[in-house]
Amino acid sequence: MTTTSEETPVRRGGVRAEERALAPDLARGIMLLLIVLSNTAFHLWAARRGPSGWQPADGSWLDHAVQFTMIIVLDLRVYPLFAFLFGYGMMQLFLRQTAAGNSERGAARILRRRSLWLIVIGLLHSTLLMAGDIVGYYGVLSLVLGLVFLRRSERALKRWICVGAVLMVFFAAQPVVSALLRGELGTLGDAGAEPGFMAYAAQEGNWLTAAGTRLETGLFVTFLASALALVGGGYVVFLLGFWAARRRVLEEPGRHRTLLRRTAVIGITVGWLGALPAALAHVGALDVPADAQSEEGALTLLRDVTGNAAGLGYVAAVALFVHWWTSRGARAGAGAGEGAGEVARVGAGTGVEVGVGATVVAAVSAVGKRSLSCYLAHSLLFAPVLAAWGLGLGEHLSSWTMALFAVGVWLLTVAGAYALERAGRRGPAEAVLRRLMYGAAQGKAGRVAKAGAG
């Protein structure tokens, strides 16, 4: 009989193919498209910037349409989606480990190791290629929140989610209310501050100089920004991922349709409306003082805090799509009869109709299964081609042509991930991280899991 004591914990390897759920993988695949699009702005290093210091302010009407859409749909809206899925996956891993017979302490130890390696990977990524790396940032958050909340009750999670939401709203509203009471709302912020895209050093012609700037930015994002998120309630979406994973919201979307519908409708509506003033001001349709549009201005603060609602809404929308998609496939398979229609497996335990749609869903979810590899591949395909220290293509692109370039990069990763999926192989970054997490026990995962079950 195998012991499960905390002194000699039973360990199993990572998630197996049959354990995967479609909704989280599909959401991660779509998320990576949104991330690569949202990262396009700082690669346009020769463009004229608006008061926000982020999106370019020049170009044709098509460029302005892309800028308007990105401000509403993407900017400060994708990272909450990432945070939720990161927290969800972390709790999934913890629950799988304990269900296989590992102790809670042993499972938490594996996740701590994962968090530490993510910090290392994130800092390397930011220094070598992309200063805005978020892997290290979430590595720090997962390290702290995992230590504090992984083994807490659901009631405690709800309590701290409420505390985080209050803190987040307070820190966002406090400067706005203070400026409003002084009659200085229009001057809140600083339109003359250095544009945010400068911290990414895409405009620097020397790689070593750019690497120094990127390292400085990476250290700030990884450690200081994560500390501010912990103090200011920015962890709330992460903990919502913990809570939702315990409820299996994404694995069983049919059981949570009411919650998902409300979250999708309310979240996306609040998120898009919260960004609308900033988008209108950016394209000149709304006359707002430049300071209010800056990175510390009232419009950006409003866009930031409502972005969390949009991120949650996006996750809920994907889960609802997966429920519709799998239900449609099940109905088609049941109604067609044997030989009249073929049913394929997409994700884990999910029957969906074969065809172009199923191939697309399978390919995008393959990206989600290899999200770290694809995320790093974006930078490999972006930075050397677009940065001034590389080929410098970013100088010659505009908002809409850069968006096309980004979609092309994402499609390349989709093709690569789908090829790996067909070959039954993991992404290279996932394989390395799994080895670092589980070590020699990885090769014995199947035997250990069986022993724990016995």
# chains A, B, ... in the order shown; residues from 1 in each chain; ligands from 1
call {"tool": "residues_around", "arguments": {"residues": "stretch 268-284 of chain A", "least_positions_apart": "5", "cutoff": "8 Å", "atoms": "only C-alpha atoms", "output": "number ranges by chain"}}
result
A: 50, 57, 64, 67-69, 71-73, 77, 263, 293, 299-300, 302-303, 306-314
call {"tool": "residues_around", "arguments": {"residues": "stretch 26-38 of chain A", "least_positions_apart": "3", "cutoff": "9 Å", "atoms": "only C-alpha atoms", "output": "count of residues only"}}
result
45
call {"tool": "closest_residue", "arguments": {"among": "A:Ser126, A:Thr98, A:Gln92, A:Ser142", "to": "A:Arg113", "atoms": "only C-alpha atoms"}}
result
A:Ser142
call {"tool": "select_by_dssp", "arguments": {"residues": "stretch 149-254 of chain A", "states": "helix (DSSP H, G or I)", "output": "PyMOL selection string"}}
result
chain A and resi 149+154-181+185-187+196-200+207-232+236-247+253-254
call {"tool": "residues_around", "arguments": {"residues": "A:Glu296", "least_positions_apart": "4", "cutoff": "10 Å", "atoms": "only C-alpha atoms", "output": "list in words"}}
result
Ser52, Pro175, Leu188, Gly189, Asp190, Ala191, Ala193, Asp291, Ala292, Thr300 and Leu301 of chain A
call {"tool": "write_last_selection", "arguments": {"atoms": "N, CA, C and O atoms", "output": "PDB file, in the first residue's frame"}}
result
ATOM      1  N   SER A  52      -1.854  59.253 -24.387  1.00  0.00           N
ATOM      2  CA  SER A  52      -1.768  58.030 -23.588  1.00  0.00           C
ATOM      3  C   SER A  52      -0.373  57.434 -23.622  1.00  0.00           C
ATOM      4  O   SER A  52      -0.013  56.634 -22.753  1.00  0.00           O
ATOM      5  N   PRO A 175      -7.855  58.570  -6.484  1.00  0.00           N
ATOM      6  CA  PRO A 175      -7.307  59.772  -7.117  1.00  0.00           C
ATOM      7  C   PRO A 175      -8.319  60.519  -7.969  1.00  0.00           C
ATOM      8  O   PRO A 175      -8.268  61.755  -8.061  1.00  0.00           O
ATOM      9  N   LEU A 188      -5.641  65.556 -13.887  1.00  0.00           N
ATOM     10  CA  LEU A 188      -5.124  64.341 -13.276  1.00  0.00           C
ATOM     11  C   LEU A 188      -4.328  63.571 -14.326  1.00  0.00           C
ATOM     12  O   LEU A 188      -4.811  63.280 -15.404  1.00  0.00           O
ATOM     13  N   GLY A 189      -3.096  63.218 -13.991  1.00  0.00           N
ATOM     14  CA  GLY A 189      -2.228  62.539 -14.943  1.00  0.00           C
ATOM     15  C   GLY A 189      -1.159  63.481 -15.464  1.00  0.00           C
ATOM     16  O   GLY A 189      -1.053  64.639 -15.046  1.00  0.00           O
ATOM     17  N   ASP A 190      -0.347  62.988 -16.412  1.00  0.00           N
ATOM     18  CA  ASP A 190       0.759  63.776 -16.950  1.00  0.00           C
ATOM     19  C   ASP A 190       0.986  63.386 -18.402  1.00  0.00           C
ATOM     20  O   ASP A 190       1.637  62.388 -18.701  1.00  0.00           O
ATOM     21  N   ALA A 191       0.440  64.197 -19.292  1.00  0.00           N
ATOM     22  CA  ALA A 191       0.586  63.923 -20.726  1.00  0.00           C
ATOM     23  C   ALA A 191       2.020  64.111 -21.196  1.00  0.00           C
ATOM     24  O   ALA A 191       2.390  63.628 -22.281  1.00  0.00           O
ATOM     25  N   ALA A 193       4.675  62.914 -19.658  1.00  0.00           N
ATOM     26  CA  ALA A 193       5.537  61.830 -19.183  1.00  0.00           C
ATOM     27  C   ALA A 193       6.099  61.039 -20.366  1.00  0.00           C
ATOM     28  O   ALA A 193       5.556  61.068 -21.473  1.00  0.00           O
ATOM     29  N   ASP A 291      -4.025  65.495 -20.265  1.00  0.00           N
ATOM     30  CA  ASP A 291      -3.633  64.832 -19.019  1.00  0.00           C
ATOM     31  C   ASP A 291      -4.592  63.710 -18.656  1.00  0.00           C
ATOM     32  O   ASP A 291      -4.180  62.657 -18.141  1.00  0.00           O
ATOM     33  N   ALA A 292      -5.880  63.916 -18.902  1.00  0.00           N
ATOM     34  CA  ALA A 292      -6.884  62.901 -18.568  1.00  0.00           C
ATOM     35  C   ALA A 292      -6.729  61.640 -19.421  1.00  0.00           C
ATOM     36  O   ALA A 292      -7.162  60.560 -19.026  1.00  0.00           O
ATOM     37  N   THR A 300      -7.718  56.488 -18.388  1.00  0.00           N
ATOM     38  CA  THR A 300      -6.949  55.249 -18.326  1.00  0.00           C
ATOM     39  C   THR A 300      -7.288  54.459 -17.064  1.00  0.00           C
ATOM     40  O   THR A 300      -7.370  53.221 -17.090  1.00  0.00           O
ATOM     41  N   LEU A 301      -7.481  55.149 -15.948  1.00  0.00           N
ATOM     42  CA  LEU A 301      -7.873  54.464 -14.715  1.00  0.00           C
ATOM     43  C   LEU A 301      -9.222  53.771 -14.890  1.00  0.00           C
ATOM     44  O   LEU A 301      -9.415  52.633 -14.444  1.00  0.00           O
TER      45      LEU A 301
END
call {"tool": "closest_residue", "arguments": {"among": "A:Gly355, A:Gly89, A:Leu129, A:Pro80", "to": "A:Gly267", "atoms": "only C-alpha atoms"}}
result
A:Pro80
call {"tool": "closest_residue", "arguments": {"among": "A:Gln174, A:Thr209, A:Ser115, A:Thr40", "to": "A:Tyr137", "atoms": "only C-alpha atoms"}}
result
A:Ser115
